[in-house]
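What follows is data-v7.cif (mmCIF, C-alpha atoms).
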```cif
data_data
loop_
_atom_site.label_atom_id
_atom_site.label_comp_id
_atom_site.auth_asym_id
_atom_site.auth_seq_id
_atom_site.Cartn_x
_atom_site.Cartn_y
_atom_site.Cartn_z
CA ASP A 17 55.17 232.04 86.36
CA ALA A 18 54.38 229.13 84.07
CA MET A 19 51.04 227.71 85.01
CA VAL A 20 47.77 225.96 84.22
CA ILE A 21 44.72 228.22 84.30
CA GLN A 22 41.08 227.16 84.44
CA ASN A 23 38.01 229.28 83.88
CA PRO A 24 35.59 229.72 85.38
CA ARG A 25 36.52 228.58 88.89
CA TYR A 26 32.86 228.01 89.72
CA GLN A 27 30.13 227.20 87.22
CA VAL A 28 26.44 226.76 87.92
CA THR A 29 24.25 225.32 85.19
CA GLN A 30 20.79 223.88 84.88
CA PHE A 31 19.97 220.28 84.23
CA GLY A 32 20.39 219.66 80.50
CA LYS A 33 21.90 223.07 79.68
CA PRO A 34 25.21 222.75 77.82
CA VAL A 35 28.29 224.05 79.54
CA THR A 36 31.90 224.62 78.47
CA LEU A 37 34.89 224.68 80.77
CA SER A 38 38.21 226.05 79.61
CA CYS A 39 41.84 225.37 80.39
CA SER A 40 44.95 227.19 79.24
CA GLN A 41 48.62 226.58 79.93
CA THR A 42 51.81 228.58 79.64
CA LEU A 43 54.02 225.51 80.14
CA ASN A 44 53.96 224.59 76.43
CA HIS A 45 53.34 220.96 77.41
CA ASN A 46 52.42 218.42 74.74
CA VAL A 47 49.71 216.71 76.72
CA MET A 48 46.56 218.14 78.27
CA TYR A 49 44.22 216.07 80.44
CA TRP A 50 40.72 216.44 81.80
CA TYR A 51 39.79 214.75 85.05
CA GLN A 52 36.54 214.57 87.00
CA GLN A 53 36.81 214.42 90.77
CA LYS A 54 33.92 213.86 93.13
CA SER A 55 34.04 214.27 96.89
CA SER A 56 36.43 211.87 98.66
CA GLN A 57 37.32 210.13 95.38
CA ALA A 58 40.46 209.99 93.29
CA PRO A 59 40.58 212.05 90.10
CA LYS A 60 39.03 210.12 87.22
CA LEU A 61 40.59 210.62 83.80
CA LEU A 62 38.03 211.53 81.14
CA PHE A 63 40.33 212.06 78.13
CA HIS A 64 43.56 213.61 77.03
CA TYR A 65 45.19 215.22 74.02
CA TYR A 66 48.73 214.32 73.03
CA ASP A 67 49.38 217.28 70.78
CA LYS A 68 46.35 217.07 68.44
CA ASP A 69 45.80 213.38 69.02
CA PHE A 70 42.62 212.85 71.07
CA ASN A 71 42.43 209.89 73.48
CA ASN A 72 39.12 209.04 75.10
CA GLU A 73 38.83 206.79 78.15
CA ALA A 74 36.58 203.80 77.50
CA ASP A 75 34.16 204.66 80.29
CA THR A 76 33.83 208.38 79.57
CA PRO A 77 30.17 209.13 78.76
CA ASP A 78 29.34 210.46 75.29
CA ASN A 79 27.91 213.50 77.04
CA PHE A 80 31.49 214.71 77.53
CA GLN A 81 33.44 216.14 74.61
CA SER A 82 36.71 218.00 74.30
CA ARG A 83 38.45 220.36 71.91
CA ARG A 84 42.04 221.50 71.69
CA PRO A 85 42.27 224.29 69.12
CA ASN A 86 45.95 224.97 69.81
CA THR A 87 48.80 224.00 72.12
CA SER A 88 47.75 226.38 74.86
CA PHE A 89 44.01 225.83 75.14
CA CYS A 90 41.72 222.90 75.81
CA PHE A 91 37.97 222.86 76.38
CA LEU A 92 35.60 220.44 78.07
CA ASP A 93 32.05 220.47 76.76
CA ILE A 94 29.25 218.82 78.69
CA ARG A 95 26.37 218.59 76.24
CA SER A 96 23.51 217.81 78.61
CA PRO A 97 24.62 217.97 82.23
CA GLY A 98 22.88 215.70 84.69
CA LEU A 99 22.83 215.92 88.46
CA GLY A 100 25.50 213.23 88.55
CA ASP A 101 27.90 215.43 86.62
CA ALA A 102 28.27 217.84 89.52
CA ALA A 103 31.93 217.60 90.44
CA MET A 104 35.31 219.32 90.36
CA TYR A 105 36.78 219.27 86.87
CA LEU A 106 40.54 219.34 86.77
CA CYS A 107 42.78 220.17 83.85
CA ALA A 108 46.36 218.91 83.96
CA THR A 109 49.37 219.06 81.64
CA ASP A 110 52.72 217.35 81.15
CA TRP A 111 55.31 216.43 78.50
CA GLY A 112 53.86 212.93 78.22
CA PRO A 113 54.76 209.47 79.57
CA PRO A 114 56.64 207.71 80.91
CA ASP A 115 58.08 209.79 83.69
CA ASN A 116 57.18 213.44 83.33
CA GLU A 117 55.56 215.32 86.17
CA GLN A 118 51.94 216.28 85.72
CA PHE A 119 50.66 219.64 86.93
CA PHE A 120 47.08 220.52 87.74
CA GLY A 121 45.13 223.71 87.30
CA PRO A 122 43.00 225.06 90.15
CA GLY A 123 39.89 223.26 88.93
CA THR A 124 36.34 224.26 88.08
CA ARG A 125 33.61 223.38 90.55
CA LEU A 126 30.46 222.52 88.56
CA THR A 127 27.05 222.69 90.18
CA VAL A 128 24.01 221.32 88.33
CA LEU A 129 20.61 222.56 89.48
CA GLN B 2 43.26 196.30 86.15
CA LYS B 3 46.16 198.41 87.36
CA GLU B 4 45.60 199.46 90.95
CA VAL B 5 47.09 201.80 93.51
CA GLU B 6 46.11 201.23 97.12
CA GLN B 7 46.32 203.63 100.03
CA ASN B 8 44.90 203.59 103.52
CA SER B 9 42.08 206.11 103.48
CA GLY B 10 42.71 207.23 107.05
CA PRO B 11 42.18 209.57 108.63
CA LEU B 12 45.72 209.45 109.93
CA SER B 13 46.05 211.67 112.96
CA VAL B 14 49.43 212.78 114.28
CA PRO B 15 50.44 215.43 116.83
CA GLU B 16 52.24 218.55 115.70
CA GLY B 17 55.98 217.94 115.41
CA ALA B 18 55.66 214.19 114.86
CA ILE B 19 56.54 212.18 111.76
CA ALA B 20 53.62 211.29 109.50
CA SER B 21 54.05 208.12 107.44
CA LEU B 22 51.87 207.61 104.38
CA ASN B 23 51.96 204.35 102.45
CA CYS B 24 51.01 203.21 98.98
CA THR B 25 51.17 199.90 97.10
CA TYR B 26 50.72 199.34 93.39
CA SER B 27 49.92 196.34 91.25
CA ASP B 28 51.70 197.05 87.95
CA ARG B 29 55.27 195.79 88.26
CA GLY B 30 56.17 197.71 85.11
CA SER B 31 55.46 201.08 86.75
CA GLN B 32 58.29 203.52 86.23
CA SER B 33 57.43 206.77 87.97
CA PHE B 34 55.80 207.59 91.26
CA PHE B 35 54.33 210.79 92.57
CA TRP B 36 52.81 212.23 95.71
CA TYR B 37 50.22 214.98 95.50
CA ARG B 38 48.79 217.01 98.34
CA GLN B 39 45.18 218.12 98.06
CA TYR B 40 43.58 220.55 100.45
CA SER B 41 39.81 220.38 100.80
CA GLY B 42 38.12 222.02 97.82
CA LYS B 43 41.43 222.60 96.01
CA SER B 44 43.25 220.85 93.19
CA PRO B 45 46.11 218.35 93.66
CA GLU B 46 49.54 219.88 94.12
CA LEU B 47 52.65 217.86 93.22
CA ILE B 48 54.99 217.62 96.19
CA MET B 49 57.33 214.72 95.36
CA SER B 50 58.33 212.55 92.44
CA ILE B 51 60.55 209.47 92.66
CA TYR B 52 61.82 207.13 89.96
CA SER B 53 64.56 204.96 91.51
CA ASN B 54 64.66 202.64 94.48
CA GLY B 55 65.67 204.32 97.71
CA ASP B 56 64.94 207.60 99.38
CA LYS B 57 64.49 211.09 98.00
CA GLU B 58 64.41 214.03 100.38
CA ASP B 59 63.02 217.51 99.84
CA GLY B 60 62.83 219.67 102.94
CA ARG B 61 60.55 217.99 105.48
CA PHE B 62 59.37 215.43 102.91
CA THR B 63 61.02 212.09 102.13
CA ALA B 64 59.71 209.73 99.48
CA GLN B 65 60.76 206.08 99.65
CA LEU B 66 60.47 203.59 96.79
CA ASN B 67 60.86 199.82 96.84
CA LYS B 68 60.06 198.40 93.40
CA ALA B 69 60.63 194.79 94.48
CA SER B 70 57.90 195.15 97.10
CA GLN B 71 55.83 197.47 94.87
CA TYR B 72 55.68 199.95 97.68
CA VAL B 73 56.10 203.72 97.88
CA SER B 74 55.83 205.88 100.97
CA LEU B 75 55.95 209.52 102.02
CA LEU B 76 57.35 210.66 105.33
CA ILE B 77 56.60 214.13 106.63
CA ARG B 78 58.93 215.22 109.42
CA ASP B 79 58.03 217.87 111.99
CA SER B 80 54.39 217.74 110.90
CA GLN B 81 52.52 221.03 111.02
CA PRO B 82 48.78 221.73 111.15
CA SER B 83 49.18 223.21 107.65
CA ASP B 84 50.11 219.70 106.44
CA SER B 85 46.55 218.57 107.16
CA ALA B 86 45.25 217.50 103.75
CA THR B 87 44.58 214.45 101.62
CA TYR B 88 47.71 212.90 100.10
CA LEU B 89 47.30 211.17 96.77
CA CYS B 90 49.76 208.55 95.55
CA ALA B 91 50.00 208.34 91.76
CA VAL B 92 51.83 205.76 89.67
CA ARG B 93 52.74 205.75 85.99
CA GLY B 94 53.81 202.78 83.91
CA GLY B 95 54.22 204.39 80.52
CA GLY B 96 50.70 205.62 80.09
CA LYS B 97 48.28 207.51 82.23
CA LEU B 98 48.63 208.29 85.92
CA ILE B 99 46.84 205.86 88.19
CA PHE B 100 45.76 207.47 91.47
CA GLY B 101 45.13 205.93 94.83
CA GLN B 102 42.07 206.95 96.79
CA GLY B 103 44.17 209.22 99.00
CA THR B 104 45.03 209.26 102.69
CA GLU B 105 43.56 212.02 104.81
CA LEU B 106 46.15 213.41 107.23
CA SER B 107 45.19 215.44 110.28
CA VAL B 108 47.93 217.16 112.28
CA LYS B 109 46.73 218.18 115.74
CA PRO B 110 48.27 221.25 117.45
#
```

Could you take the file, read its structure, and then write that structure out as structure tokens?
Amino acid sequence: DAMVIQNPRYQVTQFGKPVTLSCSQTLNHNVMYWYQQKSSQAPKLLFHYYDKDFNNEADTPDNFQSRRPNTSFCFLDIRSPGLGDAAMYLCATDWGPPDNEQFFGPGTRLTVL
Amino acid sequence: QKEVEQNSGPLSVPEGAIASLNCTYSDRGSQSFFWYRQYSGKSPELIMSIYSNGDKEDGRFTAQLNKASQYVSLLIRDSQPSDSATYLCAVRGGGKLIFGQGTELSVKP
């Protein structure tokens, strides 16, 4: 089945220790997104790649970076995690606006100690 | 600021009843509308998409869109306890998805 895969599903890191989350897709979609979702809140878009074109949201902290080495893979790097970065990180993909359906991976739950 | 508004709930309905979830949006240029279901601790799952005014039915789910009123709704017929989740409304106007805060639905046996 075509799908969006995220690894790891659970990640524990220490305050200030860099962490990388990964996302892969078999849907061959042009666009890959990273969202942050905290408890009882809507997903918050951090950035997205349209093919190789990187698009950062204006309020995404510099602490968050992303890489997309090829169509299938996308990475989220958190350079110095703070306690406030503990959240569910969601990867999603689609064919791009205006009307294509967006599909989410299972998410990575990040804990910062 | 483009906004999507939902009642946060919780909305509680008895098993077998119809659950009605509502959503309004501010961007009149929005073109596509989606409903996601999110179980606690899980990721959002797309359950309905709608692009034209009127109703769209898929099994027990019906999405309704009224662009003039900037209103989209989701009806769940014959609600089951397994439908208990948070339902996210998402709207797209040519760019990114804008999510509402979600409505928590509880279906009581």

Please list as a short mmCIF file (atom, residue, chain, number, x, y, z; two decimals) with C-alpha atoms, in the frame of the given file every residue within 6 Å of region 95-107 of chain B, counting only C-alpha atoms and excluding residues in the same chain fewer than 2 positions away.
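Dumped to result37.cif:
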```cif
data_model
loop_
_atom_site.label_atom_id
_atom_site.label_comp_id
_atom_site.auth_asym_id
_atom_site.auth_seq_id
_atom_site.Cartn_x
_atom_site.Cartn_y
_atom_site.Cartn_z
CA GLN A 57 37.32 210.13 95.38
CA ALA A 58 40.46 209.99 93.29
CA PRO A 113 54.76 209.47 79.57
CA PRO A 114 56.64 207.71 80.91
CA VAL B 5 47.09 201.80 93.51
CA GLU B 6 46.11 201.23 97.12
CA GLN B 7 46.32 203.63 100.03
CA ASN B 8 44.90 203.59 103.52
CA SER B 9 42.08 206.11 103.48
CA GLY B 10 42.71 207.23 107.05
CA PRO B 11 42.18 209.57 108.63
CA LEU B 12 45.72 209.45 109.93
CA SER B 13 46.05 211.67 112.96
CA SER B 85 46.55 218.57 107.16
CA ALA B 86 45.25 217.50 103.75
CA THR B 87 44.58 214.45 101.62
CA TYR B 88 47.71 212.90 100.10
CA LEU B 89 47.30 211.17 96.77
CA CYS B 90 49.76 208.55 95.55
CA ALA B 91 50.00 208.34 91.76
CA VAL B 92 51.83 205.76 89.67
CA ARG B 93 52.74 205.75 85.99
#
```

Evaluate the PyMOL selection byres ((chain A and resi 99) around 10) and report residues as number ranges by chain: A: 30-32, 97-98, 100-103, 127-129

Which residue of B:Lys68, B:Arg38, B:Lys57, B:Lys109 approaches Tyr26 (chain B) most closely, using only C-alpha atoms: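 The shortest atom-to-atom distance to Tyr26 (chain B) comes from B:Lys68.
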
How close does each residue of chain A get to chain B, giving the shortest atom pair and distance in Å to one decimal for every residue with an atom at most 10 Å away, counting all atoms listed in the file, sorted by chain and residue number, as JSON lines?
```
{"residue": "A:Tyr49", "atom": "CA", "partner": "B:Lys97", "partner_atom": "CA", "distance": 9.6}
{"residue": "A:Gln53", "atom": "CA", "partner": "B:Ser44", "partner_atom": "CA", "distance": 9.4}
{"residue": "A:Ser55", "atom": "CA", "partner": "B:Gly42", "partner_atom": "CA", "distance": 8.8}
{"residue": "A:Ser56", "atom": "CA", "partner": "B:Gln102", "partner_atom": "CA", "distance": 7.7}
{"residue": "A:Gln57", "atom": "CA", "partner": "B:Gln102", "partner_atom": "CA", "distance": 5.9}
{"residue": "A:Ala58", "atom": "CA", "partner": "B:Gln102", "partner_atom": "CA", "distance": 4.9}
{"residue": "A:Pro59", "atom": "CA", "partner": "B:Phe100", "partner_atom": "CA", "distance": 7.0}
{"residue": "A:Lys60", "atom": "CA", "partner": "B:Phe100", "partner_atom": "CA", "distance": 8.4}
{"residue": "A:Leu61", "atom": "CA", "partner": "B:Lys97", "partner_atom": "CA", "distance": 8.4}
{"residue": "A:His64", "atom": "CA", "partner": "B:Lys97", "partner_atom": "CA", "distance": 9.3}
{"residue": "A:Met104", "atom": "CA", "partner": "B:Gly42", "partner_atom": "CA", "distance": 8.4}
{"residue": "A:Tyr105", "atom": "CA", "partner": "B:Ser44", "partner_atom": "CA", "distance": 9.2}
{"residue": "A:Leu106", "atom": "CA", "partner": "B:Ser44", "partner_atom": "CA", "distance": 7.1}
{"residue": "A:Cys107", "atom": "CA", "partner": "B:Ser44", "partner_atom": "CA", "distance": 9.4}
{"residue": "A:Ala108", "atom": "CA", "partner": "B:Pro45", "partner_atom": "CA", "distance": 9.7}
{"residue": "A:Gly112", "atom": "CA", "partner": "B:Gly96", "partner_atom": "CA", "distance": 8.2}
{"residue": "A:Pro113", "atom": "CA", "partner": "B:Gly95", "partner_atom": "CA", "distance": 5.2}
{"residue": "A:Pro114", "atom": "CA", "partner": "B:Gly95", "partner_atom": "CA", "distance": 4.1}
{"residue": "A:Asp115", "atom": "CA", "partner": "B:Ser33", "partner_atom": "CA", "distance": 5.3}
{"residue": "A:Asn116", "atom": "CA", "partner": "B:Ser33", "partner_atom": "CA", "distance": 8.1}
{"residue": "A:Glu117", "atom": "CA", "partner": "B:Ser50", "partner_atom": "CA", "distance": 7.4}
{"residue": "A:Gln118", "atom": "CA", "partner": "B:Leu47", "partner_atom": "CA", "distance": 7.7}
{"residue": "A:Phe119", "atom": "CA", "partner": "B:Leu47", "partner_atom": "CA", "distance": 6.8}
{"residue": "A:Phe120", "atom": "CA", "partner": "B:Pro45", "partner_atom": "CA", "distance": 6.4}
{"residue": "A:Gly121", "atom": "CA", "partner": "B:Ser44", "partner_atom": "CA", "distance": 6.8}
{"residue": "A:Pro122", "atom": "CA", "partner": "B:Ser44", "partner_atom": "CA", "distance": 5.2}
{"residue": "A:Gly123", "atom": "CA", "partner": "B:Ser44", "partner_atom": "CA", "distance": 5.9}
{"residue": "A:Thr124", "atom": "CA", "partner": "B:Ser44", "partner_atom": "CA", "distance": 9.2}
{"residue": "A:Arg125", "atom": "CA", "partner": "B:Gly42", "partner_atom": "CA", "distance": 8.7}
```

Ref. answer, residues at most 9 Å from (38.7, 224.8, 75.1) with only C-alpha atoms, as a list of chain:residue names: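 Output of the proximity query reads A:Thr36, A:Leu37, A:Ser38, A:Cys39, A:Ser40, A:Ser82, A:Arg83, A:Arg84, A:Pro85, A:Asn86, A:Phe89, A:Cys90, A:Phe91, A:Leu92, A:Asp93.
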
Spatial neighbours of Ala69 (chain B), 12 Å, all atoms listed in the file, chain gap at least 5 places, as a VMD selection string: chain B and resid 25 to 31 53 to 55

Please produce an output containing C-alpha atoms for each residue in the selection, written as an mmCIF file, in the frame of the given file.
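The result, written out as result_38.cif:
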```
data_model
loop_
_atom_site.group_PDB
_atom_site.id
_atom_site.type_symbol
_atom_site.label_atom_id
_atom_site.label_comp_id
_atom_site.auth_asym_id
_atom_site.auth_seq_id
_atom_site.Cartn_x
_atom_site.Cartn_y
_atom_site.Cartn_z
ATOM 1 C CA THR B 25 51.170 199.900 97.100
ATOM 2 C CA TYR B 26 50.720 199.340 93.390
ATOM 3 C CA SER B 27 49.920 196.340 91.250
ATOM 4 C CA ASP B 28 51.700 197.050 87.950
ATOM 5 C CA ARG B 29 55.270 195.790 88.260
ATOM 6 C CA GLY B 30 56.170 197.710 85.110
ATOM 7 C CA SER B 31 55.460 201.080 86.750
ATOM 8 C CA SER B 53 64.560 204.960 91.510
ATOM 9 C CA ASN B 54 64.660 202.640 94.480
ATOM 10 C CA GLY B 55 65.670 204.320 97.710
#
```

Can you sort out region 95-111 of chain A so it carries N, CA, C and O atoms, written as a PDB file, keeping the file's coordinate frame?
```pdb
ATOM      1  N   ARG A  95      27.470 218.256  77.154  1.00  0.00           N
ATOM      2  CA  ARG A  95      26.370 218.590  76.240  1.00  0.00           C
ATOM      3  C   ARG A  95      25.027 218.681  76.963  1.00  0.00           C
ATOM      4  O   ARG A  95      24.218 219.547  76.651  1.00  0.00           O
ATOM      5  N   SER A  96      24.781 217.815  77.892  1.00  0.00           N
ATOM      6  CA  SER A  96      23.510 217.810  78.610  1.00  0.00           C
ATOM      7  C   SER A  96      23.781 217.386  80.048  1.00  0.00           C
ATOM      8  O   SER A  96      23.635 216.201  80.399  1.00  0.00           O
ATOM      9  N   PRO A  97      24.204 218.335  80.874  1.00  0.00           N
ATOM     10  CA  PRO A  97      24.620 217.970  82.230  1.00  0.00           C
ATOM     11  C   PRO A  97      23.481 217.364  83.050  1.00  0.00           C
ATOM     12  O   PRO A  97      22.347 217.866  83.032  1.00  0.00           O
ATOM     13  N   GLY A  98      23.810 216.287  83.741  1.00  0.00           N
ATOM     14  CA  GLY A  98      22.880 215.700  84.690  1.00  0.00           C
ATOM     15  C   GLY A  98      23.352 215.981  86.104  1.00  0.00           C
ATOM     16  O   GLY A  98      24.453 216.473  86.328  1.00  0.00           O
ATOM     17  N   LEU A  99      22.478 215.657  87.067  1.00  0.00           N
ATOM     18  CA  LEU A  99      22.830 215.920  88.460  1.00  0.00           C
ATOM     19  C   LEU A  99      24.105 215.177  88.850  1.00  0.00           C
ATOM     20  O   LEU A  99      24.894 215.659  89.669  1.00  0.00           O
ATOM     21  N   GLY A 100      24.317 214.026  88.249  1.00  0.00           N
ATOM     22  CA  GLY A 100      25.500 213.230  88.550  1.00  0.00           C
ATOM     23  C   GLY A 100      26.786 213.786  87.998  1.00  0.00           C
ATOM     24  O   GLY A 100      27.860 213.274  88.319  1.00  0.00           O
ATOM     25  N   ASP A 101      26.700 214.818  87.188  1.00  0.00           N
ATOM     26  CA  ASP A 101      27.900 215.430  86.620  1.00  0.00           C
ATOM     27  C   ASP A 101      28.450 216.547  87.501  1.00  0.00           C
ATOM     28  O   ASP A 101      29.500 217.120  87.180  1.00  0.00           O
ATOM     29  N   ALA A 102      27.760 216.848  88.567  1.00  0.00           N
ATOM     30  CA  ALA A 102      28.270 217.840  89.520  1.00  0.00           C
ATOM     31  C   ALA A 102      29.552 217.303  90.139  1.00  0.00           C
ATOM     32  O   ALA A 102      29.569 216.193  90.696  1.00  0.00           O
ATOM     33  N   ALA A 103      30.613 218.078  90.008  1.00  0.00           N
ATOM     34  CA  ALA A 103      31.930 217.600  90.440  1.00  0.00           C
ATOM     35  C   ALA A 103      32.938 218.735  90.280  1.00  0.00           C
ATOM     36  O   ALA A 103      32.618 219.814  89.778  1.00  0.00           O
ATOM     37  N   MET A 104      34.177 218.445  90.689  1.00  0.00           N
ATOM     38  CA  MET A 104      35.310 219.320  90.360  1.00  0.00           C
ATOM     39  C   MET A 104      35.922 218.782  89.075  1.00  0.00           C
ATOM     40  O   MET A 104      36.180 217.574  88.960  1.00  0.00           O
ATOM     41  N   TYR A 105      36.137 219.662  88.122  1.00  0.00           N
ATOM     42  CA  TYR A 105      36.780 219.270  86.870  1.00  0.00           C
ATOM     43  C   TYR A 105      38.181 219.872  86.843  1.00  0.00           C
ATOM     44  O   TYR A 105      38.371 221.080  86.987  1.00  0.00           O
ATOM     45  N   LEU A 106      39.132 218.968  86.675  1.00  0.00           N
ATOM     46  CA  LEU A 106      40.540 219.340  86.770  1.00  0.00           C
ATOM     47  C   LEU A 106      41.204 219.198  85.407  1.00  0.00           C
ATOM     48  O   LEU A 106      41.066 218.174  84.739  1.00  0.00           O
ATOM     49  N   CYS A 107      41.939 220.214  85.037  1.00  0.00           N
ATOM     50  CA  CYS A 107      42.780 220.170  83.850  1.00  0.00           C
ATOM     51  C   CYS A 107      44.218 219.965  84.321  1.00  0.00           C
ATOM     52  O   CYS A 107      44.640 220.541  85.335  1.00  0.00           O
ATOM     53  N   ALA A 108      44.963 219.153  83.609  1.00  0.00           N
ATOM     54  CA  ALA A 108      46.360 218.910  83.960  1.00  0.00           C
ATOM     55  C   ALA A 108      47.191 218.848  82.680  1.00  0.00           C
ATOM     56  O   ALA A 108      46.658 218.579  81.588  1.00  0.00           O
ATOM     57  N   THR A 109      48.489 219.100  82.805  1.00  0.00           N
ATOM     58  CA  THR A 109      49.370 219.060  81.640  1.00  0.00           C
ATOM     59  C   THR A 109      50.702 218.415  82.000  1.00  0.00           C
ATOM     60  O   THR A 109      51.127 218.427  83.169  1.00  0.00           O
ATOM     61  N   ASP A 110      51.350 217.836  80.984  1.00  0.00           N
ATOM     62  CA  ASP A 110      52.720 217.350  81.150  1.00  0.00           C
ATOM     63  C   ASP A 110      53.351 217.140  79.780  1.00  0.00           C
ATOM     64  O   ASP A 110      52.708 217.381  78.736  1.00  0.00           O
ATOM     65  N   TRP A 111      54.606 216.694  79.756  1.00  0.00           N
ATOM     66  CA  TRP A 111      55.310 216.430  78.500  1.00  0.00           C
ATOM     67  C   TRP A 111      55.007 215.032  77.968  1.00  0.00           C
ATOM     68  O   TRP A 111      55.526 214.653  76.914  1.00  0.00           O
TER      69      TRP A 111
END
```
